[in-house]
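Chemist: As input, take work_15.pdb (PDB, C-alpha atoms and all ligand atoms):
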```pdb
ATOM      1  CA  MET A  17     -55.655 -64.749 -71.064
ATOM      2  CA  ILE A  18     -54.973 -64.562 -67.341
ATOM      3  CA  TRP A  19     -51.615 -63.659 -65.805
ATOM      4  CA  ILE A  20     -51.226 -65.985 -62.902
ATOM      5  CA  GLY A  21     -48.475 -67.405 -60.752
ATOM      6  CA  SER A  22     -47.475 -67.857 -57.152
ATOM      7  CA  HIS A  23     -44.944 -66.939 -54.585
ATOM      8  CA  VAL A  24     -41.830 -68.996 -55.456
ATOM      9  CA  SER A  25     -38.534 -69.339 -53.627
ATOM     10  CA  MET A  26     -35.363 -67.630 -54.745
ATOM     11  CA  LYS A  27     -32.364 -69.241 -53.111
ATOM     12  CA  ALA A  28     -28.829 -70.495 -53.689
ATOM     13  CA  PRO A  29     -27.462 -71.632 -56.014
ATOM     14  CA  ASP A  30     -29.931 -70.880 -58.823
ATOM     15  CA  TYR A  31     -31.694 -67.761 -57.492
ATOM     16  CA  LEU A  32     -33.778 -66.136 -60.251
ATOM     17  CA  LEU A  33     -33.199 -69.039 -62.645
ATOM     18  CA  GLY A  34     -34.536 -71.378 -59.948
ATOM     19  CA  ALA A  35     -37.546 -69.128 -59.401
ATOM     20  CA  VAL A  36     -38.365 -69.188 -63.119
ATOM     21  CA  LYS A  37     -38.000 -72.988 -63.266
ATOM     22  CA  GLU A  38     -40.248 -73.426 -60.240
ATOM     23  CA  SER A  39     -42.884 -71.141 -61.800
ATOM     24  CA  ILE A  40     -42.838 -73.023 -65.083
ATOM     25  CA  GLY A  41     -43.374 -76.241 -63.115
ATOM     26  CA  TYR A  42     -46.621 -74.787 -61.779
ATOM     27  CA  GLY A  43     -47.856 -73.737 -65.226
ATOM     28  CA  SER A  44     -47.468 -70.051 -64.314
ATOM     29  CA  ASN A  45     -46.927 -67.061 -66.580
ATOM     30  CA  ALA A  46     -46.111 -64.739 -63.647
ATOM     31  CA  PHE A  47     -44.422 -65.132 -60.247
ATOM     32  CA  MET A  48     -43.503 -63.366 -57.036
ATOM     33  CA  ILE A  49     -40.173 -63.499 -55.205
ATOM     34  CA  TYR A  50     -38.474 -61.983 -52.207
ATOM     35  CA  THR A  51     -34.893 -60.910 -52.955
ATOM     36  CA  GLY A  52     -33.816 -62.941 -49.882
ATOM     37  CA  PRO A  53     -35.424 -64.237 -46.671
ATOM     38  CA  PRO A  54     -38.711 -62.306 -46.157
ATOM     39  CA  GLN A  55     -38.112 -61.999 -42.412
ATOM     40  CA  ASN A  56     -34.611 -60.474 -42.567
ATOM     41  CA  SER A  57     -32.592 -57.990 -44.545
ATOM     42  CA  ARG A  58     -29.509 -60.015 -45.448
ATOM     43  CA  ARG A  59     -29.185 -59.942 -49.219
ATOM     44  CA  VAL A  60     -26.633 -61.545 -51.529
ATOM     45  CA  ASP A  61     -25.297 -59.597 -54.462
ATOM     46  CA  VAL A  62     -27.581 -59.437 -57.504
ATOM     47  CA  ASP A  63     -24.612 -60.610 -59.617
ATOM     48  CA  ARG A  64     -25.201 -64.072 -58.216
ATOM     49  CA  PHE A  65     -28.887 -64.193 -59.247
ATOM     50  CA  ARG A  66     -28.176 -65.851 -62.668
ATOM     51  CA  LEU A  67     -30.119 -63.100 -64.386
ATOM     52  CA  GLU A  68     -29.083 -63.829 -67.968
ATOM     53  CA  GLU A  69     -30.040 -67.497 -67.887
ATOM     54  CA  ALA A  70     -33.297 -66.571 -66.147
ATOM     55  CA  ALA A  71     -34.088 -63.969 -68.812
ATOM     56  CA  GLN A  72     -33.399 -66.472 -71.561
ATOM     57  CA  LEU A  73     -35.642 -69.134 -70.011
ATOM     58  CA  MET A  74     -38.394 -66.576 -69.441
ATOM     59  CA  GLN A  75     -38.271 -65.545 -73.055
ATOM     60  CA  GLU A  76     -38.440 -69.161 -74.219
ATOM     61  CA  SER A  77     -41.421 -69.859 -71.992
ATOM     62  CA  GLY A  78     -43.384 -66.680 -72.553
ATOM     63  CA  ILE A  79     -43.012 -65.023 -69.145
ATOM     64  CA  ASP A  80     -42.824 -61.268 -69.602
ATOM     65  CA  PRO A  81     -40.475 -59.533 -67.075
ATOM     66  CA  GLU A  82     -43.445 -57.207 -66.452
ATOM     67  CA  ARG A  83     -45.005 -60.185 -64.665
ATOM     68  CA  ILE A  84     -42.208 -60.578 -62.119
ATOM     69  CA  ILE A  85     -43.424 -59.220 -58.804
ATOM     70  CA  VAL A  86     -40.948 -58.560 -55.993
ATOM     71  CA  HIS A  87     -42.196 -58.435 -52.397
ATOM     72  CA  ALA A  88     -40.258 -56.307 -49.903
ATOM     73  CA  PRO A  89     -39.424 -58.082 -46.603
ATOM     74  CA  TYR A  90     -42.099 -57.633 -43.972
ATOM     75  CA  ILE A  91     -39.672 -56.387 -41.317
ATOM     76  CA  ILE A  92     -39.732 -52.984 -43.016
ATOM     77  CA  ASN A  93     -41.895 -50.566 -41.033
ATOM     78  CA  LEU A  94     -41.770 -47.058 -42.410
ATOM     79  CA  ALA A  95     -44.474 -46.027 -39.920
ATOM     80  CA  ASN A  96     -42.544 -46.737 -36.730
ATOM     81  CA  SER A  97     -42.417 -43.227 -35.284
ATOM     82  CA  LEU A  98     -41.738 -44.670 -31.821
ATOM     83  CA  LYS A  99     -38.459 -46.149 -33.059
ATOM     84  CA  PRO A 100     -37.311 -43.755 -35.768
ATOM     85  CA  GLU A 101     -34.180 -45.827 -36.383
ATOM     86  CA  THR A 102     -36.435 -48.706 -37.521
ATOM     87  CA  ALA A 103     -38.279 -46.487 -39.972
ATOM     88  CA  ASP A 104     -34.975 -45.061 -41.253
ATOM     89  CA  PHE A 105     -33.498 -48.522 -41.637
ATOM     90  CA  GLY A 106     -36.598 -49.501 -43.635
ATOM     91  CA  ALA A 107     -36.157 -46.528 -45.945
ATOM     92  CA  GLU A 108     -32.482 -47.368 -46.552
ATOM     93  CA  PHE A 109     -33.334 -50.973 -47.287
ATOM     94  CA  LEU A 110     -36.113 -49.899 -49.660
ATOM     95  CA  GLN A 111     -33.700 -47.650 -51.532
ATOM     96  CA  GLU A 112     -31.393 -50.618 -52.154
ATOM     97  CA  GLU A 113     -34.334 -52.911 -52.898
ATOM     98  CA  LEU A 114     -35.447 -50.589 -55.716
ATOM     99  CA  ARG A 115     -31.991 -50.975 -57.250
ATOM    100  CA  ARG A 116     -32.190 -54.763 -57.000
ATOM    101  CA  VAL A 117     -35.670 -54.777 -58.566
ATOM    102  CA  THR A 118     -34.379 -52.645 -61.440
ATOM    103  CA  GLN A 119     -31.366 -54.931 -61.964
ATOM    104  CA  ILE A 120     -33.608 -57.994 -61.994
ATOM    105  CA  GLY A 121     -35.644 -56.304 -64.732
ATOM    106  CA  ALA A 122     -38.890 -56.240 -62.749
ATOM    107  CA  SER A 123     -41.048 -53.157 -62.347
ATOM    108  CA  THR A 124     -43.330 -53.835 -59.374
ATOM    109  CA  LEU A 125     -42.333 -53.942 -55.701
ATOM    110  CA  VAL A 126     -45.041 -54.920 -53.194
ATOM    111  CA  LEU A 127     -44.747 -53.242 -49.797
ATOM    112  CA  HIS A 128     -46.740 -53.571 -46.580
ATOM    113  CA  PRO A 129     -47.409 -49.931 -45.679
ATOM    114  CA  GLY A 130     -46.456 -50.419 -42.009
ATOM    115  CA  SER A 131     -47.837 -50.374 -38.470
ATOM    116  CA  HIS A 132     -48.230 -47.197 -36.464
ATOM    117  CA  ILE A 133     -47.663 -49.075 -33.152
ATOM    118  CA  LYS A 134     -49.506 -46.672 -30.869
ATOM    119  CA  ALA A 135     -49.047 -43.352 -32.595
ATOM    120  CA  GLY A 136     -52.333 -43.430 -34.497
ATOM    121  CA  ALA A 137     -53.043 -44.010 -38.197
ATOM    122  CA  ASP A 138     -52.688 -40.328 -39.154
ATOM    123  CA  VAL A 139     -49.154 -40.127 -37.774
ATOM    124  CA  GLY A 140     -48.282 -43.482 -39.354
ATOM    125  CA  ILE A 141     -49.558 -42.373 -42.762
ATOM    126  CA  ARG A 142     -47.419 -39.229 -42.623
ATOM    127  CA  TRP A 143     -44.328 -41.222 -41.619
ATOM    128  CA  ILE A 144     -44.827 -43.678 -44.468
ATOM    129  CA  ALA A 145     -45.316 -40.896 -47.012
ATOM    130  CA  ASP A 146     -42.278 -38.935 -45.768
ATOM    131  CA  ARG A 147     -40.046 -41.962 -46.125
ATOM    132  CA  LEU A 148     -41.502 -42.943 -49.490
ATOM    133  CA  ASN A 149     -40.710 -39.413 -50.662
ATOM    134  CA  GLN A 150     -37.163 -39.686 -49.379
ATOM    135  CA  VAL A 151     -36.713 -43.000 -51.229
ATOM    136  CA  LEU A 152     -38.532 -42.154 -54.466
ATOM    137  CA  ASP A 153     -37.087 -38.655 -54.834
ATOM    138  CA  ALA A 154     -33.632 -40.266 -54.893
ATOM    139  CA  ASP A 155     -34.564 -42.993 -57.385
ATOM    140  CA  ASP A 156     -35.078 -42.451 -61.078
ATOM    141  CA  SER A 157     -36.145 -45.949 -62.112
ATOM    142  CA  ASN A 158     -39.701 -46.748 -63.212
ATOM    143  CA  VAL A 159     -40.337 -49.309 -60.481
ATOM    144  CA  VAL A 160     -43.787 -48.927 -58.975
ATOM    145  CA  ILE A 161     -44.174 -49.500 -55.233
ATOM    146  CA  ALA A 162     -47.474 -51.360 -54.849
ATOM    147  CA  LEU A 163     -48.838 -50.712 -51.353
ATOM    148  CA  GLU A 164     -50.643 -53.805 -50.111
ATOM    149  CA  THR A 165     -54.138 -53.746 -48.634
ATOM    150  CA  MET A 166     -53.844 -55.135 -45.083
ATOM    151  CA  ALA A 167     -56.153 -57.147 -42.808
ATOM    152  CA  GLY A 168     -55.999 -54.513 -40.056
ATOM    153  CA  LYS A 169     -54.481 -56.740 -37.398
ATOM    154  CA  GLY A 170     -52.733 -54.872 -34.611
ATOM    155  CA  THR A 171     -52.043 -51.340 -35.751
ATOM    156  CA  GLU A 172     -51.564 -52.082 -39.466
ATOM    157  CA  ILE A 173     -52.094 -49.232 -41.869
ATOM    158  CA  GLY A 174     -53.787 -49.992 -45.174
ATOM    159  CA  ARG A 175     -56.883 -51.625 -43.723
ATOM    160  CA  ASN A 176     -59.056 -49.730 -46.194
ATOM    161  CA  PHE A 177     -58.663 -48.064 -49.590
ATOM    162  CA  GLU A 178     -58.865 -44.609 -48.012
ATOM    163  CA  GLU A 179     -55.669 -45.136 -45.990
ATOM    164  CA  LEU A 180     -53.711 -46.139 -49.094
ATOM    165  CA  GLN A 181     -55.075 -43.122 -50.939
ATOM    166  CA  ALA A 182     -54.080 -40.888 -47.988
ATOM    167  CA  ILE A 183     -50.484 -42.138 -48.309
ATOM    168  CA  ARG A 184     -50.365 -41.622 -52.069
ATOM    169  CA  GLU A 185     -51.846 -38.149 -51.688
ATOM    170  CA  LEU A 186     -48.749 -37.120 -49.696
ATOM    171  CA  VAL A 187     -46.234 -38.682 -52.095
ATOM    172  CA  ASN A 188     -44.598 -36.418 -54.689
ATOM    173  CA  LYS A 189     -44.103 -39.052 -57.401
ATOM    174  CA  LYS A 190     -47.688 -40.357 -57.434
ATOM    175  CA  ASP A 191     -47.199 -42.383 -60.611
ATOM    176  CA  ARG A 192     -44.638 -44.502 -58.708
ATOM    177  CA  ILE A 193     -47.282 -45.632 -56.189
ATOM    178  CA  GLY A 194     -49.592 -48.525 -57.065
ATOM    179  CA  VAL A 195     -51.709 -50.994 -55.121
ATOM    180  CA  CYS A 196     -51.579 -54.725 -54.390
ATOM    181  CA  LEU A 197     -55.008 -56.044 -53.437
ATOM    182  CA  ASP A 198     -54.887 -59.130 -51.204
ATOM    183  CA  THR A 199     -58.237 -60.955 -51.176
ATOM    184  CA  CYS A 200     -57.658 -62.562 -47.744
ATOM    185  CA  HIS A 201     -56.637 -59.224 -46.270
ATOM    186  CA  ILE A 202     -59.573 -57.161 -47.561
ATOM    187  CA  HIS A 203     -62.013 -59.915 -46.543
ATOM    188  CA  ASP A 204     -60.491 -59.958 -43.059
ATOM    189  CA  ALA A 205     -60.616 -56.154 -43.026
ATOM    190  CA  GLY A 206     -64.375 -56.331 -43.604
ATOM    191  CA  TYR A 207     -64.945 -55.973 -47.370
ATOM    192  CA  ASP A 208     -67.683 -58.254 -48.731
ATOM    193  CA  LEU A 209     -66.139 -60.110 -51.665
ATOM    194  CA  THR A 210     -69.464 -61.701 -52.603
ATOM    195  CA  GLU A 211     -70.355 -58.165 -53.733
ATOM    196  CA  PHE A 212     -67.120 -57.807 -55.659
ATOM    197  CA  GLU A 213     -68.490 -55.415 -58.275
ATOM    198  CA  THR A 214     -69.301 -52.960 -55.474
ATOM    199  CA  VAL A 215     -65.834 -53.412 -53.963
ATOM    200  CA  LEU A 216     -64.241 -52.733 -57.362
ATOM    201  CA  ASP A 217     -66.357 -49.613 -57.874
ATOM    202  CA  GLU A 218     -65.268 -48.365 -54.481
ATOM    203  CA  PHE A 219     -61.638 -49.114 -55.307
ATOM    204  CA  ASP A 220     -61.998 -47.257 -58.586
ATOM    205  CA  ARG A 221     -63.602 -44.239 -56.935
ATOM    206  CA  ILE A 222     -60.986 -43.944 -54.173
ATOM    207  CA  LEU A 223     -57.763 -45.197 -55.773
ATOM    208  CA  GLY A 224     -58.498 -45.582 -59.483
ATOM    209  CA  LEU A 225     -58.425 -49.015 -61.136
ATOM    210  CA  ASP A 226     -55.294 -47.982 -63.082
ATOM    211  CA  SER A 227     -53.302 -48.125 -59.857
ATOM    212  CA  LEU A 228     -54.136 -51.798 -59.274
ATOM    213  CA  LYS A 229     -50.979 -53.726 -60.239
ATOM    214  CA  VAL A 230     -51.186 -57.035 -58.372
ATOM    215  CA  ILE A 231     -53.872 -59.220 -56.804
ATOM    216  CA  HIS A 232     -52.854 -61.689 -54.096
ATOM    217  CA  VAL A 233     -55.350 -64.509 -54.499
ATOM    218  CA  ASN A 234     -55.896 -66.231 -51.142
ATOM    219  CA  ASP A 235     -58.835 -67.740 -49.316
ATOM    220  CA  SER A 236     -59.171 -66.874 -45.610
ATOM    221  CA  LYS A 237     -59.305 -69.095 -42.524
ATOM    222  CA  ASN A 238     -61.499 -66.550 -40.779
ATOM    223  CA  PRO A 239     -64.897 -64.920 -41.210
ATOM    224  CA  ARG A 240     -65.215 -61.492 -42.821
ATOM    225  CA  GLY A 241     -64.005 -58.666 -40.585
ATOM    226  CA  ALA A 242     -61.917 -60.943 -38.304
ATOM    227  CA  ARG A 243     -58.718 -58.860 -38.828
ATOM    228  CA  LYS A 244     -56.595 -61.989 -38.522
ATOM    229  CA  ASP A 245     -54.680 -62.433 -41.812
ATOM    230  CA  ARG A 246     -54.461 -66.203 -42.029
ATOM    231  CA  HIS A 247     -54.384 -67.439 -45.606
ATOM    232  CA  GLU A 248     -56.228 -70.587 -46.689
ATOM    233  CA  ASN A 249     -56.199 -72.728 -49.823
ATOM    234  CA  LEU A 250     -58.643 -71.772 -52.554
ATOM    235  CA  GLY A 251     -62.146 -73.022 -51.776
ATOM    236  CA  HIS A 252     -61.234 -74.188 -48.266
ATOM    237  CA  GLY A 253     -61.952 -70.948 -46.452
ATOM    238  CA  HIS A 254     -64.534 -68.264 -45.803
ATOM    239  CA  ILE A 255     -64.241 -66.534 -49.190
ATOM    240  CA  GLY A 256     -64.901 -69.612 -51.280
ATOM    241  CA  PHE A 257     -63.736 -70.823 -54.658
ATOM    242  CA  GLU A 258     -66.403 -69.272 -56.887
ATOM    243  CA  THR A 259     -65.803 -65.779 -55.545
ATOM    244  CA  LEU A 260     -62.035 -66.117 -56.011
ATOM    245  CA  TYR A 261     -62.471 -67.621 -59.494
ATOM    246  CA  GLY A 262     -64.715 -64.692 -60.404
ATOM    247  CA  ILE A 263     -62.050 -62.214 -59.248
ATOM    248  CA  VAL A 264     -59.260 -63.966 -61.180
ATOM    249  CA  HIS A 265     -61.349 -63.953 -64.363
ATOM    250  CA  HIS A 266     -62.946 -60.543 -63.885
ATOM    251  CA  PRO A 267     -62.975 -58.703 -67.244
ATOM    252  CA  ARG A 268     -61.992 -55.379 -65.631
ATOM    253  CA  LEU A 269     -58.891 -57.017 -64.123
ATOM    254  CA  GLU A 270     -57.629 -58.846 -67.191
ATOM    255  CA  ASN A 271     -54.260 -57.125 -67.271
ATOM    256  CA  VAL A 272     -53.600 -57.351 -63.514
ATOM    257  CA  THR A 273     -51.033 -59.953 -62.356
ATOM    258  CA  LYS A 274     -52.508 -62.514 -59.944
ATOM    259  CA  ILE A 275     -50.303 -64.226 -57.367
ATOM    260  CA  LEU A 276     -51.203 -67.122 -55.046
ATOM    261  CA  GLU A 277     -49.887 -67.048 -51.473
ATOM    262  CA  THR A 278     -51.891 -69.984 -50.180
ATOM    263  CA  PRO A 279     -50.417 -72.291 -47.513
ATOM    264  CA  TRP A 280     -48.498 -75.460 -48.313
ATOM    265  CA  VAL A 281     -50.434 -78.705 -48.008
ATOM    266  CA  GLU A 282     -48.629 -81.648 -46.409
ATOM    267  CA  ASP A 283     -45.219 -79.977 -46.845
ATOM    268  CA  ARG A 284     -45.829 -79.289 -50.512
ATOM    269  CA  PRO A 285     -46.742 -76.108 -52.368
ATOM    270  CA  PRO A 286     -50.310 -76.395 -53.753
ATOM    271  CA  TYR A 287     -49.760 -73.972 -56.618
ATOM    272  CA  ARG A 288     -49.711 -76.351 -59.568
ATOM    273  CA  GLU A 289     -53.119 -77.768 -58.623
ATOM    274  CA  GLU A 290     -54.616 -74.394 -57.710
ATOM    275  CA  ILE A 291     -53.469 -72.783 -60.957
ATOM    276  CA  GLU A 292     -54.871 -75.715 -62.893
ATOM    277  CA  LEU A 293     -58.242 -75.204 -61.163
ATOM    278  CA  LEU A 294     -58.224 -71.505 -62.006
ATOM    279  CA  ARG A 295     -57.523 -72.281 -65.651
ATOM    280  CA  MET A 296     -60.508 -74.649 -65.972
ATOM    281  CA  GLU A 297     -63.891 -73.644 -67.386
ATOM    282  CA  PRO A 298     -66.044 -72.194 -64.591
ATOM    283  CA  ALA A 299     -68.483 -75.105 -64.177
ATOM    284  CA  SER A 300     -65.860 -77.872 -64.043
ATOM    285  CA  ALA A 301     -63.600 -75.731 -61.847
ATOM    286  CA  ALA A 302     -66.393 -75.225 -59.310
ATOM    287  CA  ILE A 303     -67.205 -78.945 -59.192
ATOM    288  CA  GLU A 304     -63.555 -79.957 -58.882
ATOM    289  CA  ALA A 305     -62.865 -77.344 -56.186
ATOM    290  CA  ALA A 306     -65.892 -78.426 -54.162
ATOM    291  CA  ALA A 307     -64.811 -82.087 -54.353
ATOM    292  CA  GLN A 308     -61.305 -81.188 -53.181
ATOM    293  CA  ALA A 309     -62.639 -79.138 -50.273
ATOM    294  CA  VAL A 310     -64.836 -82.049 -49.144
ATOM    295  CA  GLU A 311     -61.816 -84.374 -49.363
ATOM    296  CA  ALA A 312     -59.683 -81.977 -47.298
ATOM    297  CA  ARG A 313     -62.382 -81.651 -44.652
ATOM    298  CA  LYS A 314     -62.729 -85.423 -44.427
ATOM    299  CA  LYS A 315     -58.993 -85.755 -43.925
ATOM    300  CA  THR A 316     -59.022 -83.107 -41.225
ATOM    301  CA  ALA A 317     -61.878 -84.837 -39.437
ATOM    302  CA  GLU A 318     -60.063 -88.210 -39.569
ATOM    303  CA  GLU A 319     -56.888 -86.714 -38.172
ATOM    304  CA  ALA A 320     -58.719 -85.067 -35.297
ATOM    305  CA  GLU A 321     -58.924 -86.854 -31.956
ATOM    306  CA  PRO A 322     -62.428 -88.130 -31.179
ATOM    307  CA  GLY A 323     -64.513 -85.282 -29.873
ATOM    308  CA  GLU A 324     -62.004 -82.686 -31.004
ATOM    309  CA  ASN A 325     -63.132 -79.808 -33.175
ATOM    310  CA  PRO A 326     -61.978 -80.599 -36.751
ATOM    311  CA  ALA A 327     -61.594 -76.916 -37.565
ATOM    312  CA  ALA A 328     -59.204 -76.411 -34.670
ATOM    313  CA  ALA A 329     -57.194 -79.485 -35.689
ATOM    314  CA  ALA A 330     -56.619 -78.017 -39.130
ATOM    315  CA  VAL A 331     -54.665 -75.050 -37.769
TER
HETATM  316 FE    FE B   1     -47.810 -59.215 -48.452
HETATM  317 FE    FE B   2     -50.454 -60.721 -49.619
HETATM  318 ZN    ZN B   3     -51.353 -62.034 -45.496
END
```
Kindly return the structure encoded in the file as C-alpha cells.
Ligand code: FE
Ligand code: FE
Ligand code: ZN

Modeler:
Amino acid sequence: MIWIGSHVSMKAPDYLLGAVKESIGYGSNAFMIYTGPPQNSRRVDVDRFRLEEAAQLMQESGIDPERIIVHAPYIINLANSLKPETADFGAEFLQEELRRVTQIGASTLVLHPGSHIKAGADVGIRWIADRLNQVLDADDSNVVIALETMAGKGTEIGRNFEELQAIRELVNKKDRIGVCLDTCHIHDAGYDLTEFETVLDEFDRILGLDSLKVIHVNDSKNPRGARKDRHENLGHGHIGFETLYGIVHHPRLENVTKILETPWVEDRPPYREEIELLRMEPASAAIEAAAQAVEARKKTAEEAEPGENPAAAAV
C-alpha cells in the first residue's frame, strides 16, 4: 500500500470539499493543500472550508485525515534577520496556520525553513529556531512542522540534512519538528538519488527516519547540484522515472505520505496519469514512462523553431 497524492487547489466555494473531490479524481489516497494562495497571507475563515462534508467524503473514500498535508505559504521567512518585522510576521502567521491545520483535522504542516539573505546560515538557523520556539511553546496541538529540504538556491537554509538537524537541535519541542524530503530539491542540492540507499542511511544517521513525514516526488529540470529548484514531470528530467519509482515504493518509506508537485502539462494537472504510472508494476511502469518521455521530447522538438535548442524551448 502506498500513500500517494498531489498538490490540489483549495478555493471558493468548495474549499476542502473541493480539494478532496479533486484528489479522488486523481486516484489519490493523500493530498496537499495551501490554506489560501501560496504567495500571500490572506486567508478566509476556516468556517467556510466545508469541513464536515469533506470529512464525510474522505471517510467514504478511504482517505485518512493523517494523509492531509498542509503547506505553509512560501512568503514566510523566519530567518530574515535583516528585516526582523518579516520574520515576526512569519511567526504570527505560522501561529494562526497551526490553528487552521488543527481545525481542518490535519497533523502535518510543511514549512520552507527560510533564507538567511546575507547574514550567514548560522545566524539564519538560530533565527528560525527562536521563532519556532516562540510559535510551538504557545501551541498545544499535535501538529508537526515538517521542515522541507531545499535546493540551496540563493541563501536558502535546509540545503542539507545537517542544517535541518541544527534547527531541530535548538527547538524545545523536538517531537513537533519533522522533515519533508523533496526529491527535486535534494537532487539539485547535490545528493545522488541513484544511490538512494546511501542517502537514506545518511538521513537516518543525521535526522532519524522517524522524523520523515512527507516526500515531495518531483523530477528535476536540472543536473545534480545545480541549486535551481525547477520541478519536472516524472521521467522527463535528470532524476528519471526508475529512481523516483524506487523511492515511492521503498520498503523503509512505506508509511510516509508521498505528494507530487510536478508541473502542469498543456494547462492541465498531470497527477492522474503520474499516479497511475506509480501504481503500475515496476516493469510496465518503466516501459510506459519511457514511452511517454519520448513522446514529450518529440512534441518539444516539433514545437521548436528550426535550429532552436529543444531543451530551451521546453522551458
Ligand atoms: Fe515546498
Ligand atoms: Fe516541495
Ligand atoms: Zn521546489

Chemist: Report as a Markdown table: every residue of chain A with an atom at most 10 Å from ligand ZN 3 (chain B), its closest pair of atoms, and their distance in Å to one decimal, counting all atoms listed in the file, with rows sorted by chain and ascending residue number.

Modeler:
```
| residue | atom | partner | partner_atom | distance |
| --- | --- | --- | --- | --- |
| A:His128 | CA | B:ZN3 | ZN | 9.7 |
| A:Glu164 | CA | B:ZN3 | ZN | 9.5 |
| A:Thr165 | CA | B:ZN3 | ZN | 9.3 |
| A:Met166 | CA | B:ZN3 | ZN | 7.3 |
| A:Ala167 | CA | B:ZN3 | ZN | 7.4 |
| A:Asp198 | CA | B:ZN3 | ZN | 7.3 |
| A:Thr199 | CA | B:ZN3 | ZN | 9.0 |
| A:Cys200 | CA | B:ZN3 | ZN | 6.7 |
| A:His201 | CA | B:ZN3 | ZN | 6.0 |
| A:Ile202 | CA | B:ZN3 | ZN | 9.8 |
| A:Asp204 | CA | B:ZN3 | ZN | 9.7 |
| A:His232 | CA | B:ZN3 | ZN | 8.7 |
| A:Asn234 | CA | B:ZN3 | ZN | 8.4 |
| A:Ser236 | CA | B:ZN3 | ZN | 9.2 |
| A:Lys244 | CA | B:ZN3 | ZN | 8.7 |
| A:Asp245 | CA | B:ZN3 | ZN | 5.0 |
| A:Arg246 | CA | B:ZN3 | ZN | 6.2 |
| A:His247 | CA | B:ZN3 | ZN | 6.2 |
| A:Glu248 | CA | B:ZN3 | ZN | 9.9 |
| A:Glu277 | CA | B:ZN3 | ZN | 7.9 |
| A:Thr278 | CA | B:ZN3 | ZN | 9.2 |
```

Chemist: Assuming the chain letters and numbering stay as they are in my file, what does the PyMOL selection byres (((chain A and resi 17) around 9) and not hetatm) actually select? List them as an mmCIF file with C-alpha atoms, in the coordinates of the input.

Modeler:
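Generated output (expr.cif):
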```cif
data_model
loop_
_atom_site.group_PDB
_atom_site.id
_atom_site.type_symbol
_atom_site.label_atom_id
_atom_site.label_comp_id
_atom_site.auth_asym_id
_atom_site.auth_seq_id
_atom_site.Cartn_x
_atom_site.Cartn_y
_atom_site.Cartn_z
ATOM 1 C CA ILE A 18 -54.973 -64.562 -67.341
ATOM 2 C CA TRP A 19 -51.615 -63.659 -65.805
ATOM 3 C CA HIS A 265 -61.349 -63.953 -64.363
ATOM 4 C CA GLU A 270 -57.629 -58.846 -67.191
ATOM 5 C CA ASN A 271 -54.260 -57.125 -67.271
#
```

Chemist: Please, what distance in Å, to one decimal, runs between CA of Val36 in chain A and CA of Gln111 in chain A?

Modeler: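 Between these atoms lies a distance of 24.9 Å.
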
Chemist: If the PyMOL selection byres (((chain A and resi 48) around 8) and not hetatm) were run on this exact file, what residues would it hold? Put them as a list in words.

Modeler: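 Evaluating the PyMOL selection byres (((chain A and resi 48) around 8) and not hetatm) on this file yields Gly21, Ser22, His23, Val24, Ala46, Phe47, Ile49, Tyr50, Ile84, Ile85, Val86, His87 and Ile275 of chain A.
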
Chemist: Select all residues near (-34.6, -43.1, -43.5) (cut-off 12 Å, inclusive, file coordinates), counting all atoms listed in the file, and output them as a ChimeraX atom specification.

Modeler: /A:92-97,99-112,143-152,154

Chemist: Got a sec: who's within 8 Å of Asn45 in chain A, counting all atoms listed in the file, leaving out chain neighbours fewer than 3 positions off, as a ChimeraX atom specification?

Modeler: /A:19-21,39-40,78-80,83

Chemist: For range 101-108 of chain A, I'd like the enclosing box, axis-aligned and padded by 6 Å on every side, reported as AutoDock Vina command-line options with centre and edge lengths in Å to one decimal.

Modeler:
```
--center_x -35.4 --center_y -47.3 --center_z -41.5 --size_x 17.8 --size_y 16.4 --size_z 22.2
```

Chemist: For a cut-off of 12 Å around (-40.9, -53.0, -61.8), file coordinates, pick out all residues using all atoms listed in the file and list them as a PyMOL selection string.

Modeler: chain A and resi 48+80-87+113-126+157-162+192-194+229-230

Chemist: Please, what distance in Å, to one decimal, runs between CA of Met26 in chain A and CA of Pro53 in chain A?

Modeler: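 A separation of 8.8 Å between them.
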
Chemist: Which residues fall under the PyMOL selection byres (((chain A and resi 268) around 12) and not hetatm) in this file, as a list in words?

Modeler: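 So the PyMOL selection byres (((chain A and resi 268) around 12) and not hetatm), applied here, picks out Ile18, Phe212, Glu213, Leu216, Asp217, Asp220, Leu225, Asp226, Leu228, Gly262, Ile263, Val264, His265, His266, Pro267, Leu269, Glu270, Asn271 and Val272 of chain A.
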
Chemist: Go through A:Asn238, A:Thr51, A:Thr316, A:Thr259 one by one, measure the shortest atom-to-atom distance of each to Leu294 in chain A using only C-alpha atoms, and give the residue with the smallest value.

Modeler: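 Using only C-alpha atoms, the shortest distance to Leu294 in chain A belongs to A:Thr259.
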
Chemist: I'd like to know which of A:Leu98, A:Leu260, A:Ala88, A:Leu73 is closest to ligand FE 2 (chain B), using all atoms listed in the file.

Modeler: A:Ala88

Chemist: Go through A:Tyr90, A:Phe177, A:Tyr31, A:Phe65 and flag the residue nearest ligand FE 2 (chain B), using all atoms listed in the file for the distances.

Modeler: A:Tyr90

Chemist: Could you tell me how far CA of Pro54 in chain A lies from CA of Asp155 in chain A, in Å and to one decimal?

Modeler: 22.7 Å
